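*Asks:* What follows is run05.txt; its format and atoms are compact mmCIF, C-alpha atoms and all ligand atoms.
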```txt
# COMPACT_ATOMS: atom_id res chain seq x y z
CA MET A 30 0.00 0.00 0.00
CA SER A 31 1.51 3.27 -1.06
CA GLU A 32 -1.16 5.34 0.65
CA ARG A 33 -0.25 6.57 4.07
CA ARG A 34 -2.98 6.97 6.63
CA THR A 35 -3.23 10.33 8.24
CA PRO A 36 -3.55 9.71 11.95
CA SER A 37 -6.67 11.32 13.40
CA ARG A 38 -6.38 13.95 16.06
CA ALA A 39 -7.62 11.50 18.69
CA THR A 40 -5.01 8.89 17.95
CA ALA A 41 -2.39 11.54 17.96
CA SER A 42 -2.94 12.16 21.65
CA SER A 43 -4.51 8.87 22.97
CA PRO A 44 -5.21 5.41 21.55
CA PRO A 45 -8.81 5.00 20.30
CA PRO A 46 -11.11 2.90 22.47
CA THR A 47 -11.45 -0.53 20.99
CA PRO A 48 -14.82 -0.33 19.22
CA ALA A 49 -17.26 -2.60 20.93
CA LYS A 50 -18.11 -5.55 18.78
CA LEU A 51 -21.60 -4.92 17.48
CA GLY A 52 -24.23 -7.50 18.37
CA ALA A 53 -22.24 -8.87 21.24
CA PHE A 54 -21.55 -8.23 24.88
CA PRO A 55 -20.81 -5.65 26.23
CA ALA A 56 -22.42 -3.49 23.49
CA VAL A 57 -25.37 -5.72 24.01
CA ARG A 58 -26.57 -5.95 27.57
CA MET A 59 -30.10 -7.39 27.57
CA ARG A 60 -30.57 -6.39 31.18
CA ARG A 61 -30.60 -2.64 30.37
CA ASN A 62 -34.23 -2.84 29.26
CA ARG A 63 -35.17 -4.85 32.32
CA ARG A 64 -33.54 -2.70 34.97
CA THR A 65 -36.54 -0.56 35.90
CA GLY A 66 -40.26 -1.07 36.08
CA TRP A 67 -40.99 1.71 33.60
CA ALA A 68 -38.53 0.32 31.06
CA ARG A 69 -39.99 -3.17 31.32
CA LYS A 70 -43.40 -1.67 30.72
CA MET A 71 -42.10 0.29 27.73
CA VAL A 72 -40.75 -2.78 25.94
CA ALA A 73 -43.52 -5.23 26.88
CA GLU A 74 -44.60 -7.12 23.75
CA ASN A 75 -47.98 -8.21 25.09
CA VAL A 76 -50.53 -6.80 27.51
CA LEU A 77 -53.34 -8.43 29.37
CA THR A 78 -56.50 -6.36 29.83
CA PRO A 79 -60.02 -7.05 31.14
CA GLY A 80 -61.09 -6.89 27.48
CA ASP A 81 -59.28 -10.18 26.90
CA LEU A 82 -61.44 -12.11 29.34
CA ILE A 83 -64.60 -14.18 29.00
CA TRP A 84 -66.08 -15.24 32.32
CA PRO A 85 -67.73 -18.70 32.52
CA LEU A 86 -70.52 -18.96 35.11
CA PHE A 87 -72.49 -21.96 36.39
CA VAL A 88 -76.23 -21.43 36.70
CA MET A 89 -78.50 -23.26 39.15
CA ASP A 90 -82.13 -23.10 40.22
CA GLY A 91 -83.39 -20.97 43.09
CA GLN A 92 -83.24 -17.43 44.40
CA ASN A 93 -80.22 -15.77 45.94
CA LYS A 94 -78.40 -19.08 45.95
CA ARG A 95 -74.69 -19.64 45.75
CA VAL A 96 -73.18 -23.12 46.12
CA PRO A 97 -69.40 -23.63 46.01
CA VAL A 98 -67.98 -26.09 43.49
CA ALA A 99 -65.80 -28.33 45.67
CA THR A 100 -63.12 -28.96 43.05
CA MET A 101 -62.87 -25.30 41.96
CA PRO A 102 -61.94 -23.19 45.00
CA GLY A 103 -63.48 -19.72 44.64
CA VAL A 104 -66.06 -20.74 42.02
CA ASP A 105 -69.77 -21.02 42.89
CA ARG A 106 -72.89 -22.14 41.10
CA LEU A 107 -75.26 -19.17 41.04
CA SER A 108 -79.01 -18.78 40.84
CA VAL A 109 -80.31 -16.65 37.95
CA ASP A 110 -80.62 -13.44 40.01
CA LEU A 111 -76.99 -13.78 41.09
CA VAL A 112 -75.93 -14.42 37.50
CA VAL A 113 -77.43 -11.01 36.67
CA ALA A 114 -75.46 -9.49 39.55
CA ALA A 115 -72.30 -11.18 38.24
CA ALA A 116 -72.99 -9.80 34.75
CA GLU A 117 -73.31 -6.32 36.26
CA GLU A 118 -69.99 -6.83 37.99
CA ALA A 119 -68.44 -7.99 34.71
CA VAL A 120 -69.61 -4.81 32.98
CA ALA A 121 -68.17 -2.68 35.78
CA LEU A 122 -64.85 -4.53 35.46
CA GLY A 123 -64.67 -4.16 31.68
CA ILE A 124 -65.14 -7.88 30.93
CA PRO A 125 -66.81 -8.06 27.50
CA ALA A 126 -68.62 -11.40 27.73
CA ILE A 127 -69.91 -14.12 30.02
CA ALA A 128 -70.42 -17.81 29.22
CA LEU A 129 -73.29 -19.60 30.96
CA PHE A 130 -73.39 -23.32 31.83
CA PRO A 131 -76.31 -25.03 33.57
CA TYR A 132 -76.40 -27.34 36.54
CA THR A 133 -79.39 -29.35 35.39
CA ASP A 134 -81.55 -31.22 37.88
CA PRO A 135 -80.81 -34.96 37.35
CA LYS A 136 -84.58 -35.53 36.99
CA LEU A 137 -84.53 -33.30 33.89
CA ARG A 138 -81.76 -35.25 32.15
CA SER A 139 -82.91 -37.75 29.56
CA GLU A 140 -81.79 -39.94 26.68
CA ASP A 141 -83.13 -37.41 24.17
CA ALA A 142 -81.78 -34.32 26.00
CA ALA A 143 -85.21 -32.67 25.70
CA GLN A 144 -84.34 -30.06 28.34
CA ALA A 145 -81.81 -28.61 25.89
CA PHE A 146 -84.67 -27.42 23.69
CA ASN A 147 -86.82 -26.09 26.50
CA PRO A 148 -87.01 -22.29 26.07
CA ASP A 149 -87.34 -22.07 29.85
CA ASN A 150 -84.25 -24.06 30.74
CA LEU A 151 -81.70 -22.50 33.07
CA VAL A 152 -79.38 -20.95 30.52
CA CYS A 153 -82.28 -19.48 28.53
CA ARG A 154 -83.81 -18.01 31.70
CA ALA A 155 -80.47 -16.59 32.77
CA THR A 156 -79.84 -15.13 29.32
CA ARG A 157 -83.25 -13.48 29.26
CA ALA A 158 -82.65 -12.05 32.72
CA VAL A 159 -79.29 -10.57 31.67
CA ARG A 160 -80.90 -9.12 28.52
CA LYS A 161 -83.75 -7.68 30.58
CA ALA A 162 -81.23 -5.91 32.81
CA GLY A 163 -80.13 -4.06 29.67
CA LEU A 164 -76.45 -4.77 30.18
CA ASP A 165 -73.91 -4.06 27.47
CA ILE A 166 -72.30 -7.48 27.63
CA GLY A 167 -71.98 -10.48 25.33
CA VAL A 168 -73.69 -13.69 26.37
CA LEU A 169 -72.09 -16.87 25.08
CA LEU A 170 -73.88 -20.21 25.32
CA ASP A 171 -72.44 -23.65 24.66
CA VAL A 172 -74.11 -25.90 22.15
CA ALA A 173 -73.70 -29.52 23.26
CA LEU A 174 -76.07 -31.93 24.94
CA ASP A 175 -73.97 -33.11 27.90
CA PRO A 176 -75.68 -31.05 30.63
CA TYR A 177 -79.00 -32.54 29.49
CA THR A 178 -78.34 -36.20 28.63
CA SER A 179 -78.81 -38.99 31.16
CA HIS A 180 -75.50 -40.51 29.98
CA GLY A 181 -73.50 -37.26 30.10
CA HIS A 182 -72.37 -37.35 26.47
CA ASP A 183 -72.45 -34.34 24.15
CA GLY A 184 -74.50 -36.17 21.54
CA LEU A 185 -77.37 -38.61 21.26
CA MET A 186 -76.40 -42.22 21.86
CA ARG A 187 -77.57 -45.52 20.43
CA ASP A 188 -76.04 -48.90 21.37
CA GLY A 189 -73.13 -47.10 22.97
CA GLU A 190 -72.37 -45.04 19.88
CA ILE A 191 -72.61 -41.24 19.71
CA LEU A 192 -74.72 -40.46 16.65
CA ASN A 193 -73.45 -37.65 14.49
CA ASP A 194 -76.23 -36.61 12.13
CA GLU A 195 -79.11 -37.16 14.56
CA THR A 196 -77.22 -35.03 17.07
CA LEU A 197 -76.93 -32.22 14.53
CA GLU A 198 -80.73 -31.90 14.44
CA ALA A 199 -80.81 -31.66 18.21
CA LEU A 200 -78.07 -29.02 18.18
CA VAL A 201 -80.11 -26.90 15.78
CA LYS A 202 -83.08 -26.97 18.16
CA GLN A 203 -80.83 -26.12 21.10
CA THR A 204 -79.24 -23.26 19.19
CA LEU A 205 -82.56 -21.73 18.22
CA VAL A 206 -84.01 -21.61 21.75
CA GLN A 207 -80.77 -20.09 22.99
CA VAL A 208 -80.65 -17.43 20.29
CA GLU A 209 -84.31 -16.63 20.80
CA ALA A 210 -83.58 -16.14 24.52
CA GLY A 211 -81.11 -13.42 23.50
CA CYS A 212 -77.71 -15.04 23.42
CA ASP A 213 -75.15 -13.31 21.16
CA ILE A 214 -72.55 -16.00 20.67
CA ILE A 215 -73.23 -19.66 20.01
CA ALA A 216 -70.32 -21.84 21.03
CA PRO A 217 -70.65 -25.39 19.72
CA SER A 218 -68.54 -27.59 21.99
CA ASP A 219 -69.93 -30.96 20.91
CA MET A 220 -67.35 -31.84 18.20
CA MET A 221 -69.87 -33.46 15.87
CA ASP A 222 -68.85 -33.31 12.20
CA GLY A 223 -70.56 -30.65 10.11
CA ARG A 224 -72.15 -28.82 13.02
CA ILE A 225 -70.94 -25.33 12.22
CA GLY A 226 -72.34 -25.44 8.68
CA VAL A 227 -75.68 -26.81 9.83
CA LEU A 228 -76.01 -24.26 12.64
CA ARG A 229 -74.96 -21.35 10.43
CA GLU A 230 -77.51 -22.37 7.81
CA ALA A 231 -80.24 -22.69 10.48
CA LEU A 232 -79.42 -19.21 11.81
CA GLU A 233 -79.27 -17.54 8.39
CA SER A 234 -82.48 -19.11 7.16
CA ARG A 235 -84.34 -17.80 10.20
CA GLY A 236 -82.99 -14.29 10.00
CA HIS A 237 -80.49 -14.59 12.84
CA THR A 238 -77.83 -13.18 10.60
CA SER A 239 -75.76 -11.45 13.28
CA THR A 240 -75.44 -14.31 15.73
CA GLN A 241 -71.74 -14.99 16.18
CA ILE A 242 -70.36 -18.50 16.25
CA MET A 243 -67.31 -19.24 18.35
CA ALA A 244 -66.43 -22.80 17.45
CA TYR A 245 -64.76 -25.04 19.97
CA ALA A 246 -62.77 -26.02 16.90
CA ALA A 247 -59.82 -27.85 18.39
CA LYS A 248 -61.25 -29.50 21.45
CA TYR A 249 -59.28 -32.36 22.93
CA ALA A 250 -60.50 -35.40 24.87
CA SER A 251 -58.96 -34.13 28.08
CA ALA A 252 -58.88 -35.15 31.72
CA PHE A 253 -58.62 -31.44 32.56
CA TYR A 254 -62.43 -31.09 32.24
CA GLY A 255 -63.04 -33.08 35.44
CA PRO A 256 -63.96 -30.20 37.79
CA PHE A 257 -66.30 -28.69 35.15
CA ARG A 258 -68.18 -31.98 35.03
CA ASP A 259 -68.56 -31.73 38.82
CA ALA A 260 -69.86 -28.19 38.45
CA VAL A 261 -72.52 -29.12 35.88
CA GLY A 262 -73.20 -32.47 37.54
CA SER A 263 -72.27 -34.73 34.63
CA ASN A 264 -69.29 -36.53 36.18
CA SER A 265 -71.45 -39.01 38.03
CA THR A 266 -73.59 -39.72 34.98
CA LEU A 267 -70.90 -39.85 32.28
CA LYS A 268 -70.45 -43.33 30.91
CA GLY A 269 -67.12 -43.97 29.22
CA ASP A 270 -65.10 -41.17 27.70
CA LYS A 271 -65.42 -38.73 24.81
CA ARG A 272 -62.59 -40.02 22.63
CA THR A 273 -64.79 -40.90 19.65
CA TYR A 274 -65.61 -37.22 19.10
CA GLN A 275 -63.10 -35.06 20.95
CA MET A 276 -59.53 -34.93 19.64
CA ASP A 277 -56.59 -37.12 20.53
CA PRO A 278 -54.01 -35.14 22.56
CA ALA A 279 -51.33 -36.66 20.32
CA ASN A 280 -52.42 -34.62 17.31
CA THR A 281 -51.63 -31.17 15.95
CA ASP A 282 -52.15 -31.29 12.14
CA GLU A 283 -55.64 -32.58 12.85
CA ALA A 284 -56.35 -29.40 14.81
CA ILE A 285 -55.50 -27.37 11.72
CA ARG A 286 -57.96 -29.41 9.65
CA GLU A 287 -60.69 -29.03 12.29
CA VAL A 288 -60.22 -25.28 12.52
CA GLY A 289 -60.10 -24.89 8.74
CA LEU A 290 -63.39 -26.73 8.39
CA ASP A 291 -65.12 -24.68 11.07
CA ILE A 292 -64.02 -21.42 9.47
CA ALA A 293 -65.15 -22.63 6.04
CA GLU A 294 -68.52 -23.61 7.50
CA GLY A 295 -69.12 -20.17 8.96
CA ALA A 296 -67.41 -19.77 12.34
CA ASP A 297 -66.56 -16.16 13.21
CA MET A 298 -64.08 -17.11 15.89
CA VAL A 299 -62.38 -20.31 16.91
CA MET A 300 -61.27 -21.77 20.18
CA VAL A 301 -58.57 -24.14 21.38
CA LYS A 302 -59.31 -26.17 24.48
CA PRO A 303 -57.81 -26.93 26.99
CA GLY A 304 -55.44 -23.99 27.12
CA MET A 305 -52.10 -24.23 28.85
CA PRO A 306 -51.22 -27.81 27.81
CA TYR A 307 -52.13 -26.84 24.21
CA LEU A 308 -50.36 -23.50 23.75
CA ASP A 309 -48.59 -24.94 20.70
CA ILE A 310 -52.00 -25.37 19.08
CA VAL A 311 -53.03 -21.81 19.98
CA ARG A 312 -49.89 -20.52 18.32
CA ARG A 313 -50.29 -22.65 15.18
CA VAL A 314 -53.98 -21.84 14.77
CA SER A 315 -53.59 -18.09 15.27
CA GLU A 316 -50.64 -17.96 12.85
CA THR A 317 -52.20 -20.18 10.23
CA PHE A 318 -55.67 -18.67 9.98
CA LYS A 319 -55.47 -15.10 11.28
CA VAL A 320 -58.98 -15.34 12.67
CA PRO A 321 -59.78 -14.40 16.27
CA THR A 322 -58.46 -17.38 18.22
CA PHE A 323 -59.57 -17.95 21.79
CA ALA A 324 -58.24 -20.32 24.39
CA TYR A 325 -60.17 -21.92 27.22
CA GLN A 326 -58.26 -22.10 30.47
CA VAL A 327 -60.39 -25.02 31.59
CA SER A 328 -61.61 -26.12 34.99
CA GLY A 329 -58.69 -28.49 35.62
CA GLU A 330 -56.14 -25.77 34.87
CA TYR A 331 -58.01 -23.46 37.22
CA ALA A 332 -58.13 -26.18 39.89
CA MET A 333 -54.38 -26.80 39.68
CA LEU A 334 -53.52 -23.15 40.17
CA ALA A 335 -56.26 -22.21 42.64
CA GLY A 336 -55.79 -25.43 44.62
CA ALA A 337 -52.02 -24.99 44.92
CA ALA A 338 -52.49 -21.32 45.85
CA GLU A 339 -55.00 -22.28 48.53
CA ARG A 340 -52.37 -24.55 50.11
CA GLY A 341 -49.75 -21.82 49.89
CA TRP A 342 -47.69 -23.80 47.38
CA LEU A 343 -47.89 -21.13 44.70
CA ASP A 344 -48.36 -17.37 44.69
CA GLY A 345 -51.94 -17.40 43.38
CA ASP A 346 -52.08 -13.88 41.98
CA ARG A 347 -48.81 -14.19 40.13
CA VAL A 348 -49.44 -17.59 38.57
CA MET A 349 -52.88 -16.37 37.53
CA ILE A 350 -51.46 -13.39 35.62
CA GLU A 351 -48.53 -15.38 34.24
CA SER A 352 -50.74 -18.21 32.99
CA LEU A 353 -53.07 -15.75 31.24
CA MET A 354 -50.22 -13.75 29.70
CA ALA A 355 -49.01 -17.03 28.16
CA PHE A 356 -52.18 -17.14 26.06
CA LYS A 357 -51.63 -13.61 24.78
CA ARG A 358 -48.04 -14.47 23.92
CA ALA A 359 -49.21 -17.56 22.01
CA GLY A 360 -51.44 -15.34 19.88
CA ALA A 361 -54.84 -15.66 21.56
CA ALA A 362 -57.35 -12.85 21.07
CA GLY A 363 -58.85 -13.70 24.45
CA VAL A 364 -59.27 -16.34 27.12
CA LEU A 365 -62.21 -18.02 28.78
CA THR A 366 -61.14 -18.18 32.41
CA TYR A 367 -62.71 -18.72 35.81
CA PHE A 368 -60.19 -16.17 37.11
CA ALA A 369 -61.86 -13.43 35.04
CA PRO A 370 -63.35 -11.26 37.82
CA LYS A 371 -60.29 -11.64 40.04
CA VAL A 372 -57.80 -10.80 37.35
CA ALA A 373 -59.91 -7.90 36.06
CA ARG A 374 -60.07 -6.48 39.57
CA MET A 375 -56.32 -6.81 39.86
CA LEU A 376 -55.66 -5.21 36.47
CA LYS A 377 -57.95 -2.33 37.36
CA GLY A 378 -55.68 -1.42 40.19
C1 LIG B 401 -69.37 -29.38 27.20
C2 LIG B 401 -68.21 -28.64 27.74
C3 LIG B 401 -67.17 -29.09 28.55
C4 LIG B 401 -66.42 -27.98 28.86
C5 LIG B 401 -66.98 -26.87 28.22
N1 LIG B 401 -68.09 -27.31 27.52
C6 LIG B 401 -66.87 -30.43 29.11
C7 LIG B 401 -66.67 -31.59 28.24
O1 LIG B 401 -66.55 -31.49 27.02
O2 LIG B 401 -66.66 -32.68 28.80
C8 LIG B 401 -65.21 -27.97 29.76
C9 LIG B 401 -64.86 -26.66 30.38
C10 LIG B 401 -63.95 -26.75 31.55
O3 LIG B 401 -63.40 -27.82 31.88
O4 LIG B 401 -63.76 -25.70 32.18
N2 LIG B 401 -69.18 -30.10 26.05
```
I'd like the structure from this file rewritten - as structure tokens, please.
*Replies:*
Amino acid sequence: MSERRTPSRATASSPPPTPAKLGAFPAVRMRRNRRTGWARKMVAENVLTPGDLIWPLFVMDGQNKRVPVATMPGVDRLSVDLVVAAAEEAVALGIPAIALFPYTDPKLRSEDAAQAFNPDNLVCRATRAVRKAGLDIGVLLDVALDPYTSHGHDGLMRDGEILNDETLEALVKQTLVQVEAGCDIIAPSDMMDGRIGVLREALESRGHTSTQIMAYAAKYASAFYGPFRDAVGSNSTLKGDKRTYQMDPANTDEAIREVGLDIAEGADMVMVKPGMPYLDIVRRVSETFKVPTFAYQVSGEYAMLAGAAERGWLDGDRVMIESLMAFKRAGAAGVLTYFAPKVARMLKG
């Protein structure tokens, strides 16, 4: 090289600092953005708000009645008047929707699930009462026959088999009484084939063109539903398991097919259930379809966290927030959670 470098003024008096290697320590110190509370807040990639929550409630007969669910510490079955009070509380807390599940009197459970089509059944009465209170809140009702069948299955049964197409007719009847009672969101949780298309067609042809459908699209045959079945009283009646219609926990591509079908058939939103053990599915579904994807933090997940907190084994408030943030991180638009009122109260300050 013939060219001679002219030394800069700096090097003339003192050697230049060795330039920090870009992209490596110490130029990069990840802890800078974590050092203070305000900085952590500034760089947070996800937030949890009361608007992300859907609050599931268990409805029972009676007046001013509240009966604890033994396997879900902090959760009660409520009579209709108290459901209205809970809905008022939800509005005050900024929770956008409630989901109602019935505890049906065993005498009203039958082979044909007739109580599901009774316009005066518990969930219809509760929905009408919430509507009558004029509250600005979404009411979501499950479509599935399990709270109404004597055998505890989600569909009609013959010779031990759950019948698909016959069940679809029953689901249409159930859907119509629920929509006529004033429910906004129909949430089919039965996992029969073709249900979303049949229900959408039934709604459209009767002028219920704005009823939303949130499909329990990827619903697994899970042992995490145990406490819910206590709450609705179907654990004692359930014969066998639900593996011929709910999904095998071993599968993930199958969830994508299920969700794709439900969207094609007319679902507005989809759900993955259970939640925490299936966060990979939440992530895949939300990334693949870009439709509002919800997760259900089911009764067994709630029981694990609330039960451990009750014994002092976990910090209840912190695991509650952390478990819900996980759903946001995985791409969920919202979460059905029994923690809803508690977490909303906490988030409000
Ligand atoms: C009814 C239904 C179930 C749940 C929601 N809807 C139970 C089941 O499929 O056996 C479970 C919710 C929970 O565990 O919190 N099909």
*Asks:* Show me which residues are within 9 Å of ligand LIG 401 (chain B) counting all atoms listed in the file, and format the list as a PDB file with C-alpha atoms, keeping the file's coordinate frame.
*Replies:*
```pdb
ATOM      1  CA  PRO A  85     -67.730 -18.700  32.520  1.00  0.00           C
ATOM      2  CA  PHE A 130     -73.390 -23.320  31.830  1.00  0.00           C
ATOM      3  CA  ASP A 171     -72.440 -23.650  24.660  1.00  0.00           C
ATOM      4  CA  VAL A 172     -74.110 -25.900  22.150  1.00  0.00           C
ATOM      5  CA  ALA A 173     -73.700 -29.520  23.260  1.00  0.00           C
ATOM      6  CA  LEU A 174     -76.070 -31.930  24.940  1.00  0.00           C
ATOM      7  CA  ASP A 175     -73.970 -33.110  27.900  1.00  0.00           C
ATOM      8  CA  PRO A 176     -75.680 -31.050  30.630  1.00  0.00           C
ATOM      9  CA  GLY A 181     -73.500 -37.260  30.100  1.00  0.00           C
ATOM     10  CA  HIS A 182     -72.370 -37.350  26.470  1.00  0.00           C
ATOM     11  CA  ASP A 183     -72.450 -34.340  24.150  1.00  0.00           C
ATOM     12  CA  ALA A 216     -70.320 -21.840  21.030  1.00  0.00           C
ATOM     13  CA  PRO A 217     -70.650 -25.390  19.720  1.00  0.00           C
ATOM     14  CA  SER A 218     -68.540 -27.590  21.990  1.00  0.00           C
ATOM     15  CA  ASP A 219     -69.930 -30.960  20.910  1.00  0.00           C
ATOM     16  CA  MET A 220     -67.350 -31.840  18.200  1.00  0.00           C
ATOM     17  CA  TYR A 245     -64.760 -25.040  19.970  1.00  0.00           C
ATOM     18  CA  LYS A 248     -61.250 -29.500  21.450  1.00  0.00           C
ATOM     19  CA  TYR A 249     -59.280 -32.360  22.930  1.00  0.00           C
ATOM     20  CA  ALA A 250     -60.500 -35.400  24.870  1.00  0.00           C
ATOM     21  CA  SER A 251     -58.960 -34.130  28.080  1.00  0.00           C
ATOM     22  CA  ALA A 252     -58.880 -35.150  31.720  1.00  0.00           C
ATOM     23  CA  PHE A 253     -58.620 -31.440  32.560  1.00  0.00           C
ATOM     24  CA  TYR A 254     -62.430 -31.090  32.240  1.00  0.00           C
ATOM     25  CA  GLY A 255     -63.040 -33.080  35.440  1.00  0.00           C
ATOM     26  CA  PRO A 256     -63.960 -30.200  37.790  1.00  0.00           C
ATOM     27  CA  PHE A 257     -66.300 -28.690  35.150  1.00  0.00           C
ATOM     28  CA  ARG A 258     -68.180 -31.980  35.030  1.00  0.00           C
ATOM     29  CA  VAL A 261     -72.520 -29.120  35.880  1.00  0.00           C
ATOM     30  CA  SER A 263     -72.270 -34.730  34.630  1.00  0.00           C
ATOM     31  CA  ASN A 264     -69.290 -36.530  36.180  1.00  0.00           C
ATOM     32  CA  ASP A 270     -65.100 -41.170  27.700  1.00  0.00           C
ATOM     33  CA  LYS A 271     -65.420 -38.730  24.810  1.00  0.00           C
ATOM     34  CA  GLN A 275     -63.100 -35.060  20.950  1.00  0.00           C
ATOM     35  CA  LYS A 302     -59.310 -26.170  24.480  1.00  0.00           C
ATOM     36  CA  PRO A 303     -57.810 -26.930  26.990  1.00  0.00           C
ATOM     37  CA  TYR A 325     -60.170 -21.920  27.220  1.00  0.00           C
ATOM     38  CA  GLN A 326     -58.260 -22.100  30.470  1.00  0.00           C
ATOM     39  CA  VAL A 327     -60.390 -25.020  31.590  1.00  0.00           C
ATOM     40  CA  SER A 328     -61.610 -26.120  34.990  1.00  0.00           C
ATOM     41  CA  GLY A 329     -58.690 -28.490  35.620  1.00  0.00           C
ATOM     42  CA  GLU A 330     -56.140 -25.770  34.870  1.00  0.00           C
ATOM     43  CA  TYR A 331     -58.010 -23.460  37.220  1.00  0.00           C
ATOM     44  CA  LEU A 365     -62.210 -18.020  28.780  1.00  0.00           C
ATOM     45  CA  THR A 366     -61.140 -18.180  32.410  1.00  0.00           C
ATOM     46  CA  TYR A 367     -62.710 -18.720  35.810  1.00  0.00           C
TER      47      TYR A 367
END
```
*Asks:* May I have a table of the residues of segment 45-113 of chain A lying at most 9 Å from segment 342-361 of chain A, giving each one's closest pair of atoms and their distance in Å to one decimal, counting all atoms listed in the file, ordered by chain and ascending residue number, as a tab-separated table?
*Replies:*
```
residue	atom	partner	partner_atom	distance
A:Glu74	CA	A:Arg358	CA	8.1
A:Asn75	CA	A:Arg358	CA	6.4
A:Val76	CA	A:Met354	CA	7.3
A:Leu77	CA	A:Met354	CA	6.2
A:Asp81	CA	A:Lys357	CA	8.6
```
*Asks:* Between segment 216-305 of chain A and segment 311-318 of chain A, at 10 Å or less, what are the per-residue closest atom pairs and their distances in Å? Count all atoms listed in the file, order by chain and rising residue number, and return it as a Markdown table.
*Replies:*
```
| residue | atom | partner | partner_atom | distance |
| --- | --- | --- | --- | --- |
| A:Ala246 | CA | A:Val314 | CA | 10.0 |
| A:Ala247 | CA | A:Val314 | CA | 9.1 |
| A:Thr281 | CA | A:Arg313 | CA | 8.7 |
| A:Asp282 | CA | A:Arg313 | CA | 9.3 |
| A:Ala284 | CA | A:Val314 | CA | 7.9 |
| A:Ile285 | CA | A:Val314 | CA | 6.5 |
| A:Arg286 | CA | A:Val314 | CA | 10.0 |
| A:Val288 | CA | A:Val314 | CA | 7.5 |
| A:Gly289 | CA | A:Phe318 | CA | 7.7 |
| A:Ile292 | CA | A:Phe318 | CA | 8.8 |
| A:Val299 | CA | A:Val314 | CA | 8.8 |
| A:Met300 | CA | A:Val311 | CA | 8.2 |
| A:Val301 | CA | A:Val311 | CA | 6.2 |
| A:Lys302 | CA | A:Val311 | CA | 8.9 |
| A:Pro303 | CA | A:Val311 | CA | 9.9 |
| A:Gly304 | CA | A:Val311 | CA | 7.8 |
| A:Met305 | CA | A:Val311 | CA | 9.2 |
```
*Asks:* Using atom CA of Ile214 of chain A and atom CA of His237 of chain A as the two end points, give the distance in Å to one decimal.
*Replies:*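 Interatomic distance, atom CA of Ile214 of chain A to atom CA of His237 of chain A: 11.2 Å.
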*Asks:* Give as a short mmCIF file (atom, residue, chain, number, x, y, z; two decimals) with C-alpha atoms, keeping the file's coordinate frame each residue that has an atom at most 12 Å from (-71.4, -22.5, 18.3) in the file, counting only C-alpha atoms.
*Replies:*
```
data_model
loop_
_atom_site.label_atom_id
_atom_site.label_comp_id
_atom_site.auth_asym_id
_atom_site.auth_seq_id
_atom_site.Cartn_x
_atom_site.Cartn_y
_atom_site.Cartn_z
CA ALA A 128 -70.42 -17.81 29.22
CA LEU A 169 -72.09 -16.87 25.08
CA LEU A 170 -73.88 -20.21 25.32
CA ASP A 171 -72.44 -23.65 24.66
CA VAL A 172 -74.11 -25.90 22.15
CA ALA A 173 -73.70 -29.52 23.26
CA LEU A 197 -76.93 -32.22 14.53
CA LEU A 200 -78.07 -29.02 18.18
CA VAL A 201 -80.11 -26.90 15.78
CA GLN A 203 -80.83 -26.12 21.10
CA THR A 204 -79.24 -23.26 19.19
CA LEU A 205 -82.56 -21.73 18.22
CA GLN A 207 -80.77 -20.09 22.99
CA VAL A 208 -80.65 -17.43 20.29
CA CYS A 212 -77.71 -15.04 23.42
CA ASP A 213 -75.15 -13.31 21.16
CA ILE A 214 -72.55 -16.00 20.67
CA ILE A 215 -73.23 -19.66 20.01
CA ALA A 216 -70.32 -21.84 21.03
CA PRO A 217 -70.65 -25.39 19.72
CA SER A 218 -68.54 -27.59 21.99
CA ASP A 219 -69.93 -30.96 20.91
CA MET A 220 -67.35 -31.84 18.20
CA MET A 221 -69.87 -33.46 15.87
CA GLY A 223 -70.56 -30.65 10.11
CA ARG A 224 -72.15 -28.82 13.02
CA ILE A 225 -70.94 -25.33 12.22
CA GLY A 226 -72.34 -25.44 8.68
CA VAL A 227 -75.68 -26.81 9.83
CA LEU A 228 -76.01 -24.26 12.64
CA ARG A 229 -74.96 -21.35 10.43
CA ALA A 231 -80.24 -22.69 10.48
CA LEU A 232 -79.42 -19.21 11.81
CA THR A 240 -75.44 -14.31 15.73
CA GLN A 241 -71.74 -14.99 16.18
CA ILE A 242 -70.36 -18.50 16.25
CA MET A 243 -67.31 -19.24 18.35
CA ALA A 244 -66.43 -22.80 17.45
CA TYR A 245 -64.76 -25.04 19.97
CA ALA A 246 -62.77 -26.02 16.90
CA ASP A 291 -65.12 -24.68 11.07
CA ILE A 292 -64.02 -21.42 9.47
CA GLU A 294 -68.52 -23.61 7.50
CA GLY A 295 -69.12 -20.17 8.96
CA ALA A 296 -67.41 -19.77 12.34
CA ASP A 297 -66.56 -16.16 13.21
CA MET A 298 -64.08 -17.11 15.89
CA VAL A 299 -62.38 -20.31 16.91
CA MET A 300 -61.27 -21.77 20.18
#
```
*Asks:* One decimal, Å: what's the distance from atom CA of Ala155 of chain A over to atom CA of Thr178 of chain A, could you say?
*Replies:* 20.2 Å
*Asks:* Which residue out of A:Gly91, A:Pro131, A:Val96, A:Pro79 has the minimum interatomic distance to Gly262 of chain A when only C-alpha atoms are used?
*Replies:*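 Looking at the shortest contact to Gly262 of chain A, the residue is A:Pro131.
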*Asks:* Return the single residue from A:Pro148, A:Gly184, A:Pro102, A:Pro135 that is closest to Thr266 of chain A, with distances computed using all atoms listed in the file.
*Replies:*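 With all atoms listed in the file as the atom set, the closest residue is A:Pro135.
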*Asks:* For the atom pair atom CA of Cys153 of chain A and atom CA of Lys202 of chain A, what is the interatomic distance in Å to one decimal place?
*Replies:*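 Separation of atom CA of Cys153 of chain A and atom CA of Lys202 of chain A: 12.8 Å.
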